[in-house]
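What's in my_file-v7.pdb: PDB, C-alpha atoms
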```
ATOM      1  CA  VAL A  13      84.590 117.143  94.665
ATOM      2  CA  THR A  14      81.168 116.937  93.064
ATOM      3  CA  GLY A  15      78.694 115.059  95.262
ATOM      4  CA  LEU A  16      80.928 114.871  98.344
ATOM      5  CA  ALA A  17      78.565 116.711 100.703
ATOM      6  CA  GLU A  18      75.587 114.526  99.774
ATOM      7  CA  TYR A  19      77.687 111.332  99.913
ATOM      8  CA  PHE A  20      78.855 112.338 103.375
ATOM      9  CA  LYS A  21      75.223 112.672 104.522
ATOM     10  CA  LEU A  22      74.011 109.483 102.808
ATOM     11  CA  PHE A  23      76.845 107.342 104.146
ATOM     12  CA  PRO A  24      77.734 108.672 107.606
ATOM     13  CA  GLY A  25      81.027 107.370 108.920
ATOM     14  CA  ARG A  26      82.163 106.063 105.542
ATOM     15  CA  ILE A  27      84.493 109.007 104.927
ATOM     16  CA  VAL A  28      87.152 109.714 107.546
ATOM     17  CA  HIS A  29      90.435 111.592 107.766
ATOM     18  CA  SER A  30      93.752 109.928 108.481
ATOM     19  CA  LYS A  31      94.015 111.886 111.739
ATOM     20  CA  VAL A  32      91.498 109.427 113.281
ATOM     21  CA  TYR A  33      93.314 106.311 112.019
ATOM     22  CA  ARG A  34      94.755 104.179 114.804
ATOM     23  CA  THR A  35      94.865 100.536 113.739
ATOM     24  CA  PRO A  36      94.347  98.436 110.608
ATOM     25  CA  GLN A  37      92.221  95.935 112.570
ATOM     26  CA  LEU A  38      89.209  98.278 112.318
ATOM     27  CA  TYR A  39      89.319  97.733 108.547
ATOM     28  CA  ARG A  40      89.542  93.939 108.561
ATOM     29  CA  ASN A  41      88.008  92.590 105.327
ATOM     30  CA  LYS A  42      86.830  96.095 104.360
ATOM     31  CA  LYS A  43      87.119  97.566 100.877
ATOM     32  CA  VAL A  44      89.169 100.726 101.490
ATOM     33  CA  LEU A  45      90.009 103.707  99.309
ATOM     34  CA  ILE A  46      92.871 105.957 100.407
ATOM     35  CA  ILE A  47      92.914 109.515  99.044
ATOM     36  CA  GLY A  48      96.477 110.791  98.748
ATOM     37  CA  ASN A  49      99.913 109.276  98.483
ATOM     38  CA  SER A  50     102.182 111.536 100.481
ATOM     39  CA  ALA A  51     103.553 110.385 103.830
ATOM     40  CA  SER A  52     100.303 109.489 105.636
ATOM     41  CA  GLY A  53      98.648 108.083 102.500
ATOM     42  CA  HIS A  54     101.657 105.903 101.798
ATOM     43  CA  ASP A  55     101.908 104.733 105.424
ATOM     44  CA  LEU A  56      98.209 103.934 105.816
ATOM     45  CA  THR A  57      97.972 102.135 102.483
ATOM     46  CA  ASN A  58     100.859  99.867 103.445
ATOM     47  CA  ASP A  59      99.561  99.375 106.979
ATOM     48  CA  LEU A  60      96.136  98.313 105.697
ATOM     49  CA  LEU A  61      97.614  95.520 103.563
ATOM     50  CA  SER A  62      97.641  93.324 106.665
ATOM     51  CA  GLU A  63      93.882  93.581 107.336
ATOM     52  CA  ALA A  64      91.819  95.239 104.587
ATOM     53  CA  ARG A  65      90.318  93.404 101.645
ATOM     54  CA  LEU A  66      92.838  93.514  98.829
ATOM     55  CA  PRO A  67      93.569  95.413  96.830
ATOM     56  CA  VAL A  68      93.707  98.568  98.913
ATOM     57  CA  TYR A  69      92.819 101.350  96.479
ATOM     58  CA  GLN A  70      94.859 104.542  96.480
ATOM     59  CA  SER A  71      93.751 107.665  94.628
ATOM     60  CA  ARG A  72      96.793 109.692  93.648
ATOM     61  CA  ARG A  73      97.279 112.968  91.861
ATOM     62  CA  SER A  74     100.889 112.254  90.918
ATOM     63  CA  LYS A  75     103.750 109.872  91.563
ATOM     64  CA  SER A  76     105.288 110.152  95.037
ATOM     65  CA  ARG A  77     108.899 109.695  96.006
ATOM     66  CA  TRP A  78     108.135 106.167  97.245
ATOM     67  CA  ASP A  79     106.362 104.971  94.111
ATOM     68  CA  GLY A  80     107.884 102.740  91.505
ATOM     69  CA  ASP A  81     106.522 102.306  87.992
ATOM     70  CA  SER A  82     103.668 100.057  89.116
ATOM     71  CA  PRO A  83     101.803  99.571  92.383
ATOM     72  CA  PRO A  84     103.190  97.110  94.917
ATOM     73  CA  PRO A  85     101.319  93.820  95.420
ATOM     74  CA  GLY A  86      97.969  94.367  97.146
ATOM     75  CA  ILE A  87      97.638  98.013  96.083
ATOM     76  CA  ALA A  88      95.659  99.374  93.121
ATOM     77  CA  TRP A  89      96.281 102.930  92.002
ATOM     78  CA  LYS A  90      93.370 105.096  90.895
ATOM     79  CA  PRO A  91      93.335 108.634  89.480
ATOM     80  CA  ILE A  92      91.785 111.513  91.419
ATOM     81  CA  ILE A  93      88.087 111.419  92.237
ATOM     82  CA  LYS A  94      85.778 113.265  89.886
ATOM     83  CA  GLU A  95      82.441 112.585  91.586
ATOM     84  CA  PHE A  96      80.683 110.822  94.443
ATOM     85  CA  LEU A  97      77.272 109.460  93.407
ATOM     86  CA  PRO A  98      74.243 108.977  95.705
ATOM     87  CA  SER A  99      74.313 105.260  94.789
ATOM     88  CA  GLY A 100      77.669 104.980  96.572
ATOM     89  CA  ARG A 101      79.643 104.747  93.331
ATOM     90  CA  ILE A 102      82.862 106.762  93.183
ATOM     91  CA  ILE A 103      83.827 108.068  89.729
ATOM     92  CA  PHE A 104      87.462 108.844  88.928
ATOM     93  CA  GLU A 105      89.036 110.944  86.198
ATOM     94  CA  GLY A 106      88.950 108.858  83.045
ATOM     95  CA  ASP A 107      85.493 107.613  84.081
ATOM     96  CA  THR A 108      86.642 104.482  85.882
ATOM     97  CA  TYR A 109      84.715 103.807  89.071
ATOM     98  CA  LEU A 110      84.470 101.800  92.267
ATOM     99  CA  ASP A 111      81.350 100.457  93.938
ATOM    100  CA  ASP A 112      80.801  99.089  97.442
ATOM    101  CA  ILE A 113      83.633 100.956  99.152
ATOM    102  CA  ASP A 114      83.348 100.460 102.917
ATOM    103  CA  THR A 115      85.668 103.291 103.948
ATOM    104  CA  VAL A 116      87.273 106.294 102.267
ATOM    105  CA  ILE A 117      90.253 107.656 104.193
ATOM    106  CA  TYR A 118      91.407 111.143 103.241
ATOM    107  CA  CYS A 119      95.155 111.548 103.738
ATOM    108  CA  THR A 120      95.311 115.156 102.677
ATOM    109  CA  SER A 121      97.654 116.800 105.172
ATOM    110  CA  TYR A 122      97.098 118.329 108.555
ATOM    111  CA  LYS A 123      96.794 121.798 109.936
ATOM    112  CA  ALA A 124      99.396 122.124 112.668
ATOM    113  CA  SER A 125      97.941 123.375 115.917
ATOM    114  CA  PHE A 126      99.663 123.995 119.218
ATOM    115  CA  PRO A 127      96.995 125.636 121.405
ATOM    116  CA  PHE A 128      98.993 124.947 124.566
ATOM    117  CA  TRP A 129     101.773 127.322 123.437
ATOM    118  CA  ASN A 130     101.208 130.910 124.460
ATOM    119  CA  VAL A 131     102.610 132.781 121.473
TER     120      VAL A 131
END
```
Could you rewrite the structure in this file as structure tokens?
Amino acid sequence: VTGLAEYFKLFPGRIVHSKVYRTPQLYRNKKVLIIGNSASGHDLTNDLLSEARLPVYQSRRSKSRWDGDSPPPGIAWKPIIKEFLPSGRIIFEGDTYLDDIDTVIYCTSYKASFPFWNV
């Protein structure tokens, strides 16, 4: 994504991966953007409804098996990210944007690793 590397440097700790997510309490009253709507994206978005500032934003490439025709209460769907700006603004396809996001959580799958198995 254009600008991601610079955004990551300018706002350390603002972008995390779902693998480090443990509890919604860490996001109490925070403006959160979830990237992805497969299993972990769906689960985290719903989990954050109890603590994060609403709506919880969810960037999605396509409709998932759990999605209806409109987002559930407390969730706002956004298209995929086009660009991260040095100002902190996040631009989406269609040129909509969000400002003042406290945390971006990437829910973009995992790489399975079993280093304790001697294969």
Result set, the PyMOL selection byres ((chain A and resi 56) around 9) on current file, as an mmCIF file with C-alpha atoms, keeping the file's coordinate frame:
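Result file follows (part14.cif):
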```cif
data_model
loop_
_atom_site.group_PDB
_atom_site.id
_atom_site.type_symbol
_atom_site.label_atom_id
_atom_site.label_comp_id
_atom_site.auth_asym_id
_atom_site.auth_seq_id
_atom_site.Cartn_x
_atom_site.Cartn_y
_atom_site.Cartn_z
ATOM 1 C CA SER A 30 93.752 109.928 108.481
ATOM 2 C CA TYR A 33 93.314 106.311 112.019
ATOM 3 C CA PRO A 36 94.347 98.436 110.608
ATOM 4 C CA ILE A 46 92.871 105.957 100.407
ATOM 5 C CA ALA A 51 103.553 110.385 103.830
ATOM 6 C CA SER A 52 100.303 109.489 105.636
ATOM 7 C CA GLY A 53 98.648 108.083 102.500
ATOM 8 C CA HIS A 54 101.657 105.903 101.798
ATOM 9 C CA ASP A 55 101.908 104.733 105.424
ATOM 10 C CA THR A 57 97.972 102.135 102.483
ATOM 11 C CA ASN A 58 100.859 99.867 103.445
ATOM 12 C CA ASP A 59 99.561 99.375 106.979
ATOM 13 C CA LEU A 60 96.136 98.313 105.697
ATOM 14 C CA LEU A 61 97.614 95.520 103.563
ATOM 15 C CA ILE A 117 90.253 107.656 104.193
ATOM 16 C CA CYS A 119 95.155 111.548 103.738
#
```
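Near (95.6, 106.1, 87.2), the residues inside the 12 Å limit, counting all atoms listed in the file, come to A:Tyr69, A:Gln70, A:Ser71, A:Arg72, A:Arg73, A:Ser74, A:Lys75, A:Asp81, A:Ser82, A:Pro83, A:Ala88, A:Trp89, A:Lys90, A:Pro91, A:Ile92, A:Ile93, A:Phe104, A:Glu105, A:Gly106, A:Asp107, A:Thr108, A:Tyr109.
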Might you spell out which residues the PyMOL selection byres ((chain A and resi 42) around 12) would select in the displayed file, as a ChimeraX atom specification?
-> /A:26,36-41,43-45,60-69,112-116
I'd like the box whose edges run along x, y and z of the file and which contains every listed atom of stretch 100-108 of chain A, padded by 5 Å per side; could you state its centre and edge lengths in Å, one decimal, as AutoDock Vina command-line options?
```
--center_x 83.4 --center_y 107.7 --center_z 89.8 --size_x 21.4 --size_y 16.5 --size_z 23.5
```
Just give me the residues with any atom within 12 Å of (86.1, 116.8, 94.8), file coordinates, counting only C-alpha atoms, written as a PyMOL selection string.
-> chain A and resi 13-19+47+71+92-97+102-105+118
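Atom pair atom CA of A:Trp78 / atom CA of A:Ile27 has a distance of 25.0 Å (rounded to one decimal).
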Kindly give the distance, in Å, that separates atom CA of A:Asn49 and atom CA of A:His29, rounded to a single decimal.
->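 Straight-line distance from atom CA of A:Asn49 to atom CA of A:His29 works out to 13.5 Å.
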State, in Å with one decimal place, the distance from atom CA of A:Ser76 to atom CA of A:Gly48.
->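 Between atom CA of A:Ser76 and atom CA of A:Gly48 the gap works out to 9.6 Å.
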Taking the partial coordinates given, rebuild stretch 55-80 of chain A to contain N, CA, C and O atoms; return it as a short mmCIF file (atom, residue, chain, number, x, y, z; two decimals), keeping the file's coordinate frame.
```
data_model
loop_
_atom_site.label_atom_id
_atom_site.label_comp_id
_atom_site.auth_asym_id
_atom_site.auth_seq_id
_atom_site.Cartn_x
_atom_site.Cartn_y
_atom_site.Cartn_z
N ASP A 55 101.84 105.54 104.21
CA ASP A 55 101.91 104.73 105.42
C ASP A 55 100.62 103.95 105.67
O ASP A 55 100.65 102.76 105.97
N LEU A 56 99.48 104.61 105.56
CA LEU A 56 98.21 103.93 105.82
C LEU A 56 97.93 102.84 104.78
O LEU A 56 97.48 101.75 105.14
N THR A 57 98.20 103.14 103.52
CA THR A 57 97.97 102.14 102.48
C THR A 57 98.77 100.88 102.79
O THR A 57 98.23 99.76 102.75
N ASN A 58 100.03 101.03 103.14
CA ASN A 58 100.86 99.87 103.44
C ASN A 58 100.43 99.18 104.73
O ASN A 58 100.45 97.96 104.82
N ASP A 59 100.02 99.95 105.72
CA ASP A 59 99.56 99.38 106.98
C ASP A 59 98.29 98.54 106.79
O ASP A 59 98.14 97.48 107.39
N LEU A 60 97.42 99.00 105.92
CA LEU A 60 96.14 98.31 105.70
C LEU A 60 96.29 96.99 104.94
O LEU A 60 95.37 96.17 104.95
N LEU A 61 97.41 96.77 104.30
CA LEU A 61 97.61 95.52 103.56
C LEU A 61 97.47 94.29 104.46
O LEU A 61 97.10 93.22 103.98
N SER A 62 97.72 94.46 105.74
CA SER A 62 97.64 93.32 106.66
C SER A 62 96.22 92.94 107.05
O SER A 62 95.98 91.83 107.51
N GLU A 63 95.24 93.84 106.85
CA GLU A 63 93.88 93.58 107.34
C GLU A 63 92.77 93.83 106.32
O GLU A 63 91.78 93.12 106.31
N ALA A 64 92.90 94.86 105.50
CA ALA A 64 91.82 95.24 104.59
C ALA A 64 91.68 94.22 103.46
O ALA A 64 92.60 93.44 103.19
N ARG A 65 90.53 94.24 102.83
CA ARG A 65 90.32 93.40 101.64
C ARG A 65 91.20 93.96 100.53
O ARG A 65 91.20 95.15 100.27
N LEU A 66 91.92 93.09 99.89
CA LEU A 66 92.84 93.51 98.83
C LEU A 66 92.15 93.50 97.48
O LEU A 66 91.29 92.67 97.25
N PRO A 67 92.53 94.42 96.61
CA PRO A 67 93.57 95.41 96.83
C PRO A 67 93.06 96.59 97.67
O PRO A 67 91.87 96.86 97.72
N VAL A 68 94.00 97.28 98.30
CA VAL A 68 93.71 98.57 98.91
C VAL A 68 93.84 99.58 97.78
O VAL A 68 94.85 99.60 97.07
N TYR A 69 92.81 100.36 97.56
CA TYR A 69 92.82 101.35 96.48
C TYR A 69 93.43 102.64 96.98
O TYR A 69 93.17 103.06 98.11
N GLN A 70 94.23 103.27 96.12
CA GLN A 70 94.86 104.54 96.48
C GLN A 70 94.69 105.53 95.33
O GLN A 70 95.18 105.30 94.23
N SER A 71 93.94 106.60 95.61
CA SER A 71 93.75 107.66 94.63
C SER A 71 94.92 108.62 94.75
O SER A 71 95.20 109.13 95.83
N ARG A 72 95.60 108.85 93.62
CA ARG A 72 96.79 109.69 93.65
C ARG A 72 96.79 110.70 92.52
O ARG A 72 96.39 110.39 91.41
N ARG A 73 97.21 111.88 92.84
CA ARG A 73 97.28 112.97 91.86
C ARG A 73 98.53 112.83 91.00
O ARG A 73 98.54 113.12 89.83
N SER A 74 99.62 112.39 91.63
CA SER A 74 100.89 112.25 90.92
C SER A 74 101.74 111.20 91.62
O SER A 74 101.40 110.74 92.71
N LYS A 75 102.83 110.85 91.01
CA LYS A 75 103.75 109.87 91.56
C LYS A 75 104.44 110.47 92.78
O LYS A 75 104.84 111.63 92.77
N SER A 76 104.57 109.68 93.85
CA SER A 76 105.29 110.15 95.04
C SER A 76 106.72 109.64 95.01
O SER A 76 107.08 108.80 94.19
N ARG A 77 107.49 110.10 95.94
CA ARG A 77 108.90 109.70 96.01
C ARG A 77 109.07 108.22 96.32
O ARG A 77 110.11 107.66 96.07
N TRP A 78 108.04 107.58 96.87
CA TRP A 78 108.14 106.17 97.24
C TRP A 78 107.63 105.23 96.16
O TRP A 78 107.79 104.04 96.25
N ASP A 79 106.99 105.79 95.14
CA ASP A 79 106.36 104.97 94.11
C ASP A 79 107.36 104.49 93.06
O ASP A 79 108.23 105.24 92.63
N GLY A 80 107.16 103.25 92.66
CA GLY A 80 107.88 102.74 91.50
C GLY A 80 107.04 102.97 90.27
O GLY A 80 106.17 103.84 90.24
#
```
